[in-house]
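Student: Below is the structure I would like to discuss, written out as structure tokens.
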Amino acid sequence: MATKKTSDKPADYIQPLNINGLEGRVLHMPAPKPGGREVLFVYGHHSSLERWWGVAKFINRYAAVTMPDLPGFGGMDSFYKIGEEGTIDNLADYLAAFVKMRYKRRKVVVVGMSLGFVVATRMLQRNPSLTKNVDMLVSFAGFAHRDDFTFSKWRKSFYIHGARLFSHRVPAAIFRYVGLHPWILRTVYTKTHNAREKFEGVVDEELEELIKFEIGLWHGNEVRTYMKTTTEFLDLDNCTKQVDLPVYHIGVRADRYFSNDRVEQHFRIIFNDFILLTMLEMGNHAPSVIADEKAASVFIPPKLRRLLARR
């Protein structure tokens with residue numbers, strides 16, 4: 001398949017974004033040929049437009065790609081700026097406003113990564129009329145219920161109580177200016193359970209680049225939003241309302257967060273059909289934060305490529 005040549009700089013595709021007084025950014029890559037599909041990519045926790053550049057660039061071989069910031073992530077203003085909380089419901093309503101503004105009567109393939117899929121699901125549950133805009137609904141390592149997590153009771157309790165504490169203004173400020181100091185992140189964070197898994201197998205020449213990128217991601221998260229959404233997704237139940245769409249799911253066989261069997265069970269409750277695109281043989285929940293187009297390509301299975309290539 002012939003593809004157009006694209007820039008290697010995400011900045012060439014990033015534009016300002018302002019919704020309801022919240023300023024952020026949106027990445028948009030035009031379709032490789034007229035009449036091609038359009039993809040709305042909704043990123044998850046600990047993300048930025050640059051973090052998903054490799055994936056966006058690969059998808060752009062087959063479709064137009066639009067990826068907006070989420071309030072409180074990627075450096076975008078948080079809901080707290082306008083006196084609201086950084087909840088999943090508010091993120092879902094923001095995403096609904098973006099879809100109505102950007103697509104109106106057009107069809108779009110909605111792709112949600114992890115928490116991004118939770119937000120997309122909640123958007124459709126709260127705005128059923130938007131299902132008519134959805135060409136396909138794709139889950140990248142998405143989830144739907146608190147029981148999908150494979151954490152031990154102790155580990156889950158530790159995360160929930162810690163997130164609740166730091167979702168308040170004063171503890172969040174302490175966490176931001178002390179806990180997220182670059183020296184702390186380099187000397188403490190890199191030795192945590194999650195970080196060790198992320199850095200496993202990384203060669204020395206990539207390690208410094210990876211650490212710098214991780215520091216940037218942590219500083220791009222608004223702490224209260226990060227912590228509030230953490231408390232909510234660890235106690236999540238998105239199975240209370242159905243969505244009249246099939247879900248196309250990309251799972252990770254060795255996902256360190258989720259049980260694939262339980263994810264499928266809960267998706268079958270919510271959606272009118274469940275289509276497994278693939279179960280990736282990856283060592284992590286997602287591609288590396290510095291994954292380029294080639295490295296990110298393994299996350300886009302051949303079945304999805306063929307579906308995106310169809311008009």
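As shown in the structure tokens, the chain order sets the letters A, B, ...; within each chain, residues go from 1, and ligands are also counted from 1 in the order they appear.
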Looking only at strand (DSSP E) from DSSP on the backbone, list the matching residues of stretch 54-280 of chain A as a PyMOL selection string.
Tutor: chain A and resi 64-68+108-113+134-140+243-252+271-280
Student: Go ahead and write the selection's residues with C-alpha atoms as a short mmCIF file (atom, residue, chain, number, x, y, z; two decimals), in the first residue's frame.
Tutor:
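Output saved as out_25.cif:
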```
data_model
loop_
_atom_site.label_atom_id
_atom_site.label_comp_id
_atom_site.auth_asym_id
_atom_site.auth_seq_id
_atom_site.Cartn_x
_atom_site.Cartn_y
_atom_site.Cartn_z
CA ALA A 64 -6.74 10.57 9.24
CA VAL A 65 -5.79 10.81 12.92
CA THR A 66 -7.05 13.32 15.46
CA MET A 67 -5.84 13.18 19.07
CA PRO A 68 -6.98 15.85 21.54
CA VAL A 108 -15.32 8.52 13.03
CA VAL A 109 -13.44 5.47 14.31
CA VAL A 110 -13.08 5.99 18.07
CA VAL A 111 -9.96 4.34 19.49
CA GLY A 112 -9.51 4.42 23.26
CA MET A 113 -6.29 3.45 25.02
CA VAL A 134 -19.12 6.12 15.55
CA ASP A 135 -17.88 4.15 12.54
CA MET A 136 -16.02 1.65 14.76
CA LEU A 137 -15.26 1.51 18.47
CA VAL A 138 -11.81 0.11 19.22
CA SER A 139 -10.33 -0.76 22.61
CA PHE A 140 -6.55 -0.73 23.02
CA VAL A 243 -23.97 0.86 24.39
CA ASP A 244 -25.57 -0.11 21.09
CA LEU A 245 -22.29 -0.76 19.28
CA PRO A 246 -19.88 -3.67 18.86
CA VAL A 247 -16.43 -3.30 20.40
CA TYR A 248 -13.24 -4.31 18.60
CA HIS A 249 -10.66 -5.21 21.23
CA ILE A 250 -6.86 -5.40 21.17
CA GLY A 251 -5.64 -7.17 24.27
CA VAL A 252 -2.18 -7.79 25.69
CA PHE A 271 -21.68 -3.73 24.03
CA ASN A 272 -23.88 -5.58 21.55
CA ASP A 273 -20.93 -7.63 20.28
CA PHE A 274 -17.30 -8.34 21.14
CA ILE A 275 -14.73 -8.85 18.37
CA LEU A 276 -11.21 -9.75 19.43
CA LEU A 277 -8.78 -8.30 16.92
CA THR A 278 -5.71 -9.83 18.51
CA MET A 279 -3.99 -10.70 21.76
CA LEU A 280 -0.59 -9.01 21.53
#
```
Student: What residues in stretch 103-273 of chain A get the DSSP label helix (DSSP H, G or I)? Please answer as an mmCIF file with N, CA and C atoms, in the first residue's frame.
Tutor:
```
data_model
loop_
_atom_site.group_PDB
_atom_site.id
_atom_site.type_symbol
_atom_site.label_atom_id
_atom_site.label_comp_id
_atom_site.auth_asym_id
_atom_site.auth_seq_id
_atom_site.Cartn_x
_atom_site.Cartn_y
_atom_site.Cartn_z
ATOM 1 N N LEU A 115 -7.433 3.873 29.981
ATOM 2 C CA LEU A 115 -8.394 4.809 30.565
ATOM 3 C C LEU A 115 -9.132 5.588 29.482
ATOM 4 N N GLY A 116 -8.471 5.852 28.355
ATOM 5 C CA GLY A 116 -9.143 6.539 27.260
ATOM 6 C C GLY A 116 -10.360 5.787 26.774
ATOM 7 N N PHE A 117 -10.300 4.455 26.815
ATOM 8 C CA PHE A 117 -11.468 3.668 26.414
ATOM 9 C C PHE A 117 -12.570 3.759 27.464
ATOM 10 N N VAL A 118 -12.209 3.829 28.724
ATOM 11 C CA VAL A 118 -13.193 4.036 29.789
ATOM 12 C C VAL A 118 -13.941 5.344 29.552
ATOM 13 N N VAL A 119 -13.192 6.400 29.236
ATOM 14 C CA VAL A 119 -13.795 7.718 28.987
ATOM 15 C C VAL A 119 -14.705 7.662 27.755
ATOM 16 N N ALA A 120 -14.243 7.000 26.680
ATOM 17 C CA ALA A 120 -15.055 6.887 25.467
ATOM 18 C C ALA A 120 -16.341 6.107 25.739
ATOM 19 N N THR A 121 -16.234 5.030 26.512
ATOM 20 C CA THR A 121 -17.422 4.253 26.868
ATOM 21 C C THR A 121 -18.415 5.109 27.644
ATOM 22 N N ARG A 122 -17.922 5.811 28.656
ATOM 23 C CA ARG A 122 -18.796 6.663 29.468
ATOM 24 C C ARG A 122 -19.417 7.776 28.620
ATOM 25 N N MET A 123 -18.675 8.315 27.668
ATOM 26 C CA MET A 123 -19.218 9.323 26.763
ATOM 27 C C MET A 123 -20.437 8.782 26.017
ATOM 28 N N LEU A 124 -20.331 7.575 25.492
ATOM 29 C CA LEU A 124 -21.429 6.986 24.730
ATOM 30 C C LEU A 124 -22.585 6.599 25.640
ATOM 31 N N GLN A 125 -22.295 6.199 26.865
ATOM 32 C CA GLN A 125 -23.362 5.886 27.810
ATOM 33 C C GLN A 125 -24.145 7.139 28.203
ATOM 34 N N ARG A 126 -23.454 8.259 28.348
ATOM 35 C CA ARG A 126 -24.096 9.514 28.741
ATOM 36 C C ARG A 126 -24.685 10.271 27.539
ATOM 37 N N PRO A 128 -26.095 8.727 24.225
ATOM 38 C CA PRO A 128 -26.379 7.624 23.291
ATOM 39 C C PRO A 128 -26.528 8.071 21.843
ATOM 40 N N SER A 129 -26.934 9.309 21.606
ATOM 41 C CA SER A 129 -27.108 9.779 20.235
ATOM 42 C C SER A 129 -25.791 9.820 19.465
ATOM 43 N N LEU A 130 -24.669 9.862 20.185
ATOM 44 C CA LEU A 130 -23.368 9.925 19.517
ATOM 45 C C LEU A 130 -22.961 8.595 18.883
ATOM 46 N N THR A 131 -23.674 7.520 19.193
ATOM 47 C CA THR A 131 -23.330 6.238 18.562
ATOM 48 C C THR A 131 -23.471 6.325 17.048
ATOM 49 N N LYS A 132 -24.340 7.219 16.579
ATOM 50 C CA LYS A 132 -24.509 7.366 15.119
ATOM 51 C C LYS A 132 -23.274 7.961 14.459
ATOM 52 N N ASN A 133 -22.426 8.617 15.237
ATOM 53 C CA ASN A 133 -21.182 9.174 14.705
ATOM 54 C C ASN A 133 -20.037 8.180 14.689
ATOM 55 N N ARG A 146 -13.817 -2.579 37.931
ATOM 56 C CA ARG A 146 -12.749 -2.695 38.938
ATOM 57 C C ARG A 146 -12.221 -4.118 39.057
ATOM 58 N N ASP A 147 -13.061 -5.104 38.769
ATOM 59 C CA ASP A 147 -12.616 -6.497 38.881
ATOM 60 C C ASP A 147 -11.724 -6.933 37.726
ATOM 61 N N ASP A 148 -11.563 -6.074 36.725
ATOM 62 C CA ASP A 148 -10.653 -6.395 35.625
ATOM 63 C C ASP A 148 -9.195 -6.336 36.068
ATOM 64 N N LYS A 153 -5.066 -7.428 46.807
ATOM 65 C CA LYS A 153 -5.888 -6.549 47.633
ATOM 66 C C LYS A 153 -5.031 -5.479 48.305
ATOM 67 N N TRP A 154 -3.845 -5.877 48.779
ATOM 68 C CA TRP A 154 -2.975 -4.918 49.455
ATOM 69 C C TRP A 154 -2.528 -3.822 48.503
ATOM 70 N N ARG A 155 -2.107 -4.218 47.293
ATOM 71 C CA ARG A 155 -1.609 -3.235 46.331
ATOM 72 C C ARG A 155 -2.720 -2.293 45.877
ATOM 73 N N LYS A 156 -3.898 -2.844 45.637
ATOM 74 C CA LYS A 156 -5.024 -2.006 45.217
ATOM 75 C C LYS A 156 -5.412 -1.035 46.317
ATOM 76 N N SER A 157 -5.455 -1.509 47.560
ATOM 77 C CA SER A 157 -5.791 -0.645 48.693
ATOM 78 C C SER A 157 -4.758 0.471 48.843
ATOM 79 N N PHE A 158 -3.489 0.134 48.669
ATOM 80 C CA PHE A 158 -2.420 1.128 48.764
ATOM 81 C C PHE A 158 -2.601 2.222 47.713
ATOM 82 N N TYR A 159 -2.902 1.825 46.476
ATOM 83 C CA TYR A 159 -3.090 2.797 45.402
ATOM 84 C C TYR A 159 -4.307 3.685 45.669
ATOM 85 N N ILE A 160 -5.406 3.071 46.099
ATOM 86 C CA ILE A 160 -6.635 3.846 46.313
ATOM 87 C C ILE A 160 -6.450 4.873 47.417
ATOM 88 N N HIS A 161 -5.902 4.449 48.554
ATOM 89 C CA HIS A 161 -5.745 5.374 49.675
ATOM 90 C C HIS A 161 -4.725 6.473 49.361
ATOM 91 N N GLY A 162 -3.653 6.108 48.672
ATOM 92 C CA GLY A 162 -2.679 7.123 48.278
ATOM 93 C C GLY A 162 -3.271 8.125 47.301
ATOM 94 N N ALA A 163 -4.030 7.633 46.323
ATOM 95 C CA ALA A 163 -4.645 8.522 45.337
ATOM 96 C C ALA A 163 -5.677 9.439 45.984
ATOM 97 N N ARG A 164 -6.447 8.910 46.925
ATOM 98 C CA ARG A 164 -7.428 9.757 47.615
ATOM 99 C C ARG A 164 -6.743 10.886 48.376
ATOM 100 N N LEU A 165 -5.650 10.569 49.033
ATOM 101 C CA LEU A 165 -4.936 11.587 49.784
ATOM 102 C C LEU A 165 -4.446 12.696 48.866
ATOM 103 N N PHE A 166 -3.799 12.329 47.761
ATOM 104 C CA PHE A 166 -3.170 13.318 46.890
ATOM 105 C C PHE A 166 -4.137 13.942 45.885
ATOM 106 N N ARG A 169 -6.120 19.418 47.444
ATOM 107 C CA ARG A 169 -5.277 20.523 46.979
ATOM 108 C C ARG A 169 -3.895 20.561 47.638
ATOM 109 N N VAL A 170 -3.841 20.581 48.972
ATOM 110 C CA VAL A 170 -2.548 20.754 49.649
ATOM 111 C C VAL A 170 -1.641 19.530 49.454
ATOM 112 N N PRO A 171 -2.128 18.308 49.734
ATOM 113 C CA PRO A 171 -1.253 17.149 49.468
ATOM 114 C C PRO A 171 -0.826 17.064 48.001
ATOM 115 N N ALA A 172 -1.728 17.465 47.066
ATOM 116 C CA ALA A 172 -1.375 17.435 45.642
ATOM 117 C C ALA A 172 -0.239 18.398 45.343
ATOM 118 N N ALA A 173 -0.266 19.583 45.976
ATOM 119 C CA ALA A 173 0.809 20.556 45.766
ATOM 120 C C ALA A 173 2.137 20.025 46.296
ATOM 121 N N ILE A 174 2.097 19.376 47.461
ATOM 122 C CA ILE A 174 3.317 18.787 48.018
ATOM 123 C C ILE A 174 3.863 17.708 47.079
ATOM 124 N N PHE A 175 2.957 16.866 46.585
ATOM 125 C CA PHE A 175 3.357 15.797 45.667
ATOM 126 C C PHE A 175 3.980 16.388 44.399
ATOM 127 N N ARG A 176 3.353 17.460 43.880
ATOM 128 C CA ARG A 176 3.840 18.063 42.633
ATOM 129 C C ARG A 176 5.236 18.661 42.798
ATOM 130 N N TYR A 177 5.457 19.405 43.871
ATOM 131 C CA TYR A 177 6.707 20.159 43.986
ATOM 132 C C TYR A 177 7.800 19.424 44.766
ATOM 133 N N VAL A 178 7.424 18.347 45.451
ATOM 134 C CA VAL A 178 8.424 17.548 46.158
ATOM 135 C C VAL A 178 8.550 16.162 45.522
ATOM 136 N N GLY A 179 7.437 15.417 45.491
ATOM 137 C CA GLY A 179 7.469 14.051 44.976
ATOM 138 C C GLY A 179 7.833 13.959 43.508
ATOM 139 N N PRO A 182 12.571 16.337 39.718
ATOM 140 C CA PRO A 182 13.353 15.448 38.847
ATOM 141 C C PRO A 182 14.328 14.544 39.597
ATOM 142 N N TRP A 183 14.967 15.064 40.654
ATOM 143 C CA TRP A 183 15.911 14.224 41.399
ATOM 144 C C TRP A 183 15.188 13.067 42.066
ATOM 145 N N ILE A 184 14.001 13.335 42.629
ATOM 146 C CA ILE A 184 13.210 12.272 43.280
ATOM 147 C C ILE A 184 12.784 11.244 42.244
ATOM 148 N N LEU A 185 12.312 11.713 41.106
ATOM 149 C CA LEU A 185 11.873 10.784 40.069
ATOM 150 C C LEU A 185 13.019 9.893 39.592
ATOM 151 N N ARG A 186 14.199 10.476 39.457
ATOM 152 C CA ARG A 186 15.339 9.700 38.997
ATOM 153 C C ARG A 186 15.800 8.674 40.025
ATOM 154 N N THR A 187 15.763 9.046 41.307
ATOM 155 C CA THR A 187 16.344 8.181 42.336
ATOM 156 C C THR A 187 15.329 7.265 43.006
ATOM 157 N N TYR A 189 11.473 6.996 41.829
ATOM 158 C CA TYR A 189 10.480 6.451 40.903
ATOM 159 C C TYR A 189 11.047 5.339 40.040
ATOM 160 N N THR A 190 12.268 5.507 39.570
ATOM 161 C CA THR A 190 12.858 4.506 38.684
ATOM 162 C C THR A 190 13.049 3.147 39.356
ATOM 163 N N LYS A 191 12.914 3.124 40.684
ATOM 164 C CA LYS A 191 13.079 1.853 41.401
ATOM 165 C C LYS A 191 11.744 1.249 41.832
ATOM 166 N N HIS A 193 7.936 -0.558 41.409
ATOM 167 C CA HIS A 193 7.507 -1.776 40.721
ATOM 168 C C HIS A 193 7.156 -1.488 39.262
ATOM 169 N N ASN A 194 6.301 -0.458 39.034
ATOM 170 C CA ASN A 194 5.869 -0.138 37.675
ATOM 171 C C ASN A 194 7.028 0.310 36.803
ATOM 172 N N ALA A 195 7.872 1.177 37.338
ATOM 173 C CA ALA A 195 8.989 1.709 36.544
ATOM 174 C C ALA A 195 9.973 0.605 36.165
ATOM 175 N N ARG A 196 10.235 -0.303 37.088
ATOM 176 C CA ARG A 196 11.176 -1.390 36.778
ATOM 177 C C ARG A 196 10.671 -2.212 35.604
ATOM 178 N N GLU A 197 9.351 -2.430 35.546
ATOM 179 C CA GLU A 197 8.792 -3.173 34.420
ATOM 180 C C GLU A 197 8.898 -2.375 33.124
ATOM 181 N N LYS A 198 8.674 -1.060 33.211
ATOM 182 C CA LYS A 198 8.789 -0.212 32.026
ATOM 183 C C LYS A 198 10.210 -0.208 31.480
ATOM 184 N N PHE A 199 11.191 -0.160 32.384
ATOM 185 C CA PHE A 199 12.577 -0.017 31.978
ATOM 186 C C PHE A 199 13.259 -1.352 31.700
ATOM 187 N N ASP A 204 21.275 0.842 27.557
ATOM 188 C CA ASP A 204 21.809 2.017 28.258
ATOM 189 C C ASP A 204 21.643 3.307 27.461
ATOM 190 N N GLU A 205 21.841 3.248 26.148
ATOM 191 C CA GLU A 205 21.789 4.472 25.355
ATOM 192 C C GLU A 205 20.366 5.039 25.264
ATOM 193 N N GLU A 206 19.351 4.217 25.562
ATOM 194 C CA GLU A 206 17.972 4.693 25.539
ATOM 195 C C GLU A 206 17.464 5.081 26.930
ATOM 196 N N LEU A 207 18.157 4.640 27.963
ATOM 197 C CA LEU A 207 17.654 4.824 29.323
ATOM 198 C C LEU A 207 17.497 6.294 29.686
ATOM 199 N N GLU A 208 18.502 7.122 29.376
ATOM 200 C CA GLU A 208 18.419 8.544 29.725
ATOM 201 C C GLU A 208 17.277 9.225 28.983
ATOM 202 N N GLU A 209 17.104 8.883 27.711
ATOM 203 C CA GLU A 209 15.994 9.453 26.941
ATOM 204 C C GLU A 209 14.656 9.050 27.546
ATOM 205 N N LEU A 210 14.560 7.784 27.958
ATOM 206 C CA LEU A 210 13.330 7.279 28.556
ATOM 207 C C LEU A 210 13.022 7.980 29.879
ATOM 208 N N ILE A 211 14.036 8.153 30.717
ATOM 209 C CA ILE A 211 13.834 8.814 32.010
ATOM 210 C C ILE A 211 13.406 10.262 31.816
ATOM 211 N N LYS A 212 14.041 10.975 30.891
ATOM 212 C CA LYS A 212 13.669 12.359 30.619
ATOM 213 C C LYS A 212 12.223 12.453 30.146
ATOM 214 N N PHE A 213 11.821 11.517 29.298
ATOM 215 C CA PHE A 213 10.449 11.535 28.786
ATOM 216 C C PHE A 213 9.465 11.255 29.918
ATOM 217 N N GLU A 214 9.804 10.303 30.790
ATOM 218 C CA GLU A 214 8.946 9.987 31.929
ATOM 219 C C GLU A 214 8.783 11.195 32.853
ATOM 220 N N ILE A 215 9.860 11.914 33.099
ATOM 221 C CA ILE A 215 9.784 13.120 33.936
ATOM 222 C C ILE A 215 8.837 14.138 33.295
ATOM 223 N N GLY A 216 8.949 14.300 31.973
ATOM 224 C CA GLY A 216 8.060 15.221 31.268
ATOM 225 C C GLY A 216 6.607 14.814 31.376
ATOM 226 N N LEU A 217 6.334 13.515 31.291
ATOM 227 C CA LEU A 217 4.955 13.034 31.419
ATOM 228 C C LEU A 217 4.400 13.306 32.812
ATOM 229 N N TRP A 218 5.198 13.027 33.839
ATOM 230 C CA TRP A 218 4.741 13.279 35.204
ATOM 231 C C TRP A 218 4.439 14.755 35.412
ATOM 232 N N HIS A 219 5.267 15.628 34.838
ATOM 233 C CA HIS A 219 5.039 17.057 35.007
ATOM 234 C C HIS A 219 3.879 17.547 34.149
ATOM 235 N N GLY A 220 3.523 16.803 33.108
ATOM 236 C CA GLY A 220 2.381 17.162 32.272
ATOM 237 C C GLY A 220 1.052 16.751 32.861
ATOM 238 N N VAL A 223 -1.882 16.937 39.050
ATOM 239 C CA VAL A 223 -1.869 15.894 40.073
ATOM 240 C C VAL A 223 -3.264 15.522 40.547
ATOM 241 N N ARG A 224 -4.109 16.505 40.835
ATOM 242 C CA ARG A 224 -5.437 16.174 41.358
ATOM 243 C C ARG A 224 -6.254 15.375 40.352
ATOM 244 N N THR A 225 -6.146 15.731 39.072
ATOM 245 C CA THR A 225 -6.867 14.982 38.044
ATOM 246 C C THR A 225 -6.341 13.557 37.950
ATOM 247 N N TYR A 226 -5.030 13.419 37.957
ATOM 248 C CA TYR A 226 -4.412 12.090 37.894
ATOM 249 C C TYR A 226 -4.893 11.226 39.064
ATOM 250 N N MET A 227 -4.884 11.801 40.266
ATOM 251 C CA MET A 227 -5.244 11.036 41.451
ATOM 252 C C MET A 227 -6.750 10.782 41.531
ATOM 253 N N LYS A 228 -7.557 11.771 41.153
ATOM 254 C CA LYS A 228 -9.012 11.590 41.184
ATOM 255 C C LYS A 228 -9.444 10.497 40.223
ATOM 256 N N THR A 229 -8.914 10.520 39.021
ATOM 257 C CA THR A 229 -9.281 9.474 38.063
ATOM 258 C C THR A 229 -8.767 8.108 38.509
ATOM 259 N N THR A 230 -7.626 8.085 39.184
ATOM 260 C CA THR A 230 -7.117 6.820 39.718
ATOM 261 C C THR A 230 -8.079 6.221 40.730
ATOM 262 N N THR A 231 -8.564 7.041 41.665
ATOM 263 C CA THR A 231 -9.520 6.515 42.660
ATOM 264 C C THR A 231 -10.778 6.013 41.975
ATOM 265 N N GLU A 232 -11.197 6.685 40.904
ATOM 266 C CA GLU A 232 -12.440 6.285 40.231
ATOM 267 C C GLU A 232 -12.275 5.016 39.417
ATOM 268 N N PHE A 233 -11.173 4.884 38.672
ATOM 269 C CA PHE A 233 -11.085 3.678 37.845
ATOM 270 C C PHE A 233 -10.750 2.441 38.669
ATOM 271 N N ASN A 260 -7.607 -10.577 30.930
ATOM 272 C CA ASN A 260 -8.269 -10.515 29.631
ATOM 273 C C ASN A 260 -9.628 -11.202 29.646
ATOM 274 N N ASP A 261 -9.767 -12.285 30.396
ATOM 275 C CA ASP A 261 -11.054 -12.984 30.459
ATOM 276 C C ASP A 261 -12.125 -12.103 31.095
ATOM 277 N N ARG A 262 -11.761 -11.418 32.175
ATOM 278 C CA ARG A 262 -12.754 -10.576 32.848
ATOM 279 C C ARG A 262 -13.095 -9.340 32.018
ATOM 280 N N VAL A 263 -12.100 -8.794 31.320
ATOM 281 C CA VAL A 263 -12.375 -7.667 30.425
ATOM 282 C C VAL A 263 -13.404 -8.074 29.378
ATOM 283 N N GLU A 264 -13.207 -9.229 28.761
ATOM 284 C CA GLU A 264 -14.155 -9.694 27.744
ATOM 285 C C GLU A 264 -15.550 -9.880 28.343
ATOM 286 N N GLN A 265 -15.643 -10.497 29.515
ATOM 287 C CA GLN A 265 -16.943 -10.696 30.154
ATOM 288 C C GLN A 265 -17.677 -9.377 30.358
ATOM 289 N N HIS A 266 -16.968 -8.360 30.827
ATOM 290 C CA HIS A 266 -17.607 -7.073 31.095
ATOM 291 C C HIS A 266 -17.938 -6.334 29.798
ATOM 292 N N PHE A 267 -17.081 -6.446 28.791
ATOM 293 C CA PHE A 267 -17.383 -5.822 27.502
ATOM 294 C C PHE A 267 -18.640 -6.435 26.894
ATOM 295 N N ARG A 268 -18.830 -7.727 27.052
ATOM 296 C CA ARG A 268 -20.018 -8.385 26.491
ATOM 297 C C ARG A 268 -21.301 -7.928 27.196
ATOM 298 N N ILE A 269 -21.182 -7.459 28.422
ATOM 299 C CA ILE A 269 -22.345 -6.907 29.123
ATOM 300 C C ILE A 269 -22.715 -5.538 28.551
ATOM 301 N N ILE A 270 -21.700 -4.737 28.241
ATOM 302 C CA ILE A 270 -21.930 -3.349 27.822
ATOM 303 C C ILE A 270 -22.297 -3.239 26.350
#
```
Student: Counting only C-alpha atoms, figure out which residue out of A:Lys57, A:Arg310, A:Arg105, A:Arg25 gets nearest to A:Lys9.
Tutor: A:Lys57
Student: Taking into account only C-alpha atoms, which residue in the set A:Arg253, A:Met29, A:Leu70, A:Gly142 is nearest to A:Ala97?
Tutor: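 Comparing A:Arg253, A:Met29, A:Leu70, A:Gly142 against A:Ala97, the winner is A:Leu70.
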Student: Rank nothing, just name the residue among A:Trp52, A:Lys107, A:Gly24, A:Asn60 nearest to A:Phe79, using only C-alpha atoms.
Tutor: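 The shortest atom-to-atom distance to A:Phe79 comes from A:Gly24.
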Student: Hey, can you check how far atom CA of A:Ser167 sits from atom CA of A:Asp237?
Tutor: 20.3 Å
Student: Looking at A:Ser114, A:Ala309, A:Leu95, A:Gly54, which one is nearest to A:Ala144, with distances taken over only C-alpha atoms?
Tutor: A:Ser114
Student: Mind checking which residues fall within 10 Å of A:Arg51, counting only C-alpha atoms, ignoring those fewer than 4 positions away in the same chain, and posting them as a short mmCIF file (atom, residue, chain, number, x, y, z; two decimals) with N, CA and C atoms, in the first residue's frame?
Tutor:
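Below you can see selection17.cif, which holds the result:
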```
data_model
loop_
_atom_site.label_atom_id
_atom_site.label_comp_id
_atom_site.auth_asym_id
_atom_site.auth_seq_id
_atom_site.Cartn_x
_atom_site.Cartn_y
_atom_site.Cartn_z
N PRO A 10 6.08 15.73 15.60
CA PRO A 10 4.68 15.88 15.99
C PRO A 10 4.24 17.34 16.03
N TYR A 43 -6.22 9.05 24.33
CA TYR A 43 -5.15 8.46 25.12
C TYR A 43 -5.58 8.23 26.57
N HIS A 46 -1.18 9.12 32.19
CA HIS A 46 0.27 9.29 32.02
C HIS A 46 0.60 9.46 30.54
N SER A 47 -0.09 10.41 29.90
CA SER A 47 0.03 10.53 28.45
C SER A 47 0.24 11.96 28.00
N VAL A 55 2.44 5.76 17.46
CA VAL A 55 1.18 5.07 17.12
C VAL A 55 0.37 5.91 16.13
N ALA A 56 0.25 7.21 16.41
CA ALA A 56 -0.52 8.09 15.52
C ALA A 56 0.06 8.08 14.11
N GLY A 74 -1.32 15.86 29.59
CA GLY A 74 -0.59 16.39 28.45
C GLY A 74 -0.28 17.86 28.53
N PHE A 213 11.82 11.52 29.30
CA PHE A 213 10.45 11.54 28.79
C PHE A 213 9.47 11.25 29.92
N GLU A 214 9.80 10.30 30.79
CA GLU A 214 8.95 9.99 31.93
C GLU A 214 8.78 11.19 32.85
N GLY A 216 8.95 14.30 31.97
CA GLY A 216 8.06 15.22 31.27
C GLY A 216 6.61 14.81 31.38
N LEU A 217 6.33 13.51 31.29
CA LEU A 217 4.96 13.03 31.42
C LEU A 217 4.40 13.31 32.81
N PRO A 287 3.01 0.26 24.37
CA PRO A 287 4.35 0.48 23.82
C PRO A 287 5.16 1.42 24.71
N SER A 288 6.45 1.40 24.56
CA SER A 288 7.33 2.31 25.28
C SER A 288 6.92 3.76 25.03
N VAL A 289 7.14 4.62 26.02
CA VAL A 289 6.79 6.03 25.86
C VAL A 289 7.63 6.71 24.78
N ILE A 290 8.72 6.08 24.36
CA ILE A 290 9.55 6.66 23.31
C ILE A 290 9.48 5.81 22.04
N ALA A 291 8.44 4.98 21.92
CA ALA A 291 8.31 4.11 20.75
C ALA A 291 8.13 4.94 19.48
N ASP A 292 8.95 4.66 18.47
CA ASP A 292 8.79 5.34 17.19
C ASP A 292 7.76 4.58 16.36
#
```
Student: Go ahead and compute the interatomic distance for atom CA of A:Asp93 and atom CA of A:Arg256, in Å to one decimal.
Tutor: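 Pair atom CA of A:Asp93 / atom CA of A:Arg256 returns 29.3 Å.
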Student: At a cut-off of 8 Å, using only C-alpha atoms, what residues contact stretch 257-259 of chain A? Leave out same-chain residues fewer than 6 positions from it and give the result as a ChimeraX atom specification.
Tutor: /A:143,148-151,285
Student: Would you put the residues from that selection into a file with N, CA and C atoms, as a CSV table (one decimal), in the first residue's frame?
Tutor:
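Written file, result_12.csv:
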```csv
chain,number,residue,atom,x,y,z
A,143,PHE,N,-10.6,-1.4,29.5
A,143,PHE,CA,-11.2,-2.1,30.6
A,143,PHE,C,-12.5,-1.5,30.9
A,148,ASP,N,-11.6,-6.1,36.7
A,148,ASP,CA,-10.7,-6.4,35.6
A,148,ASP,C,-9.2,-6.3,36.1
A,149,PHE,N,-8.9,-5.6,37.1
A,149,PHE,CA,-7.5,-5.4,37.6
A,149,PHE,C,-7.1,-6.7,38.3
A,150,THR,N,-5.8,-7.0,38.1
A,150,THR,CA,-5.2,-8.2,38.7
A,150,THR,C,-4.4,-7.9,39.9
A,151,PHE,N,-4.5,-6.6,40.4
A,151,PHE,CA,-3.7,-6.3,41.6
A,151,PHE,C,-4.1,-7.1,42.8
A,285,HIS,N,1.9,-3.3,29.2
A,285,HIS,CA,0.5,-2.9,28.9
A,285,HIS,C,0.4,-2.0,27.7
```
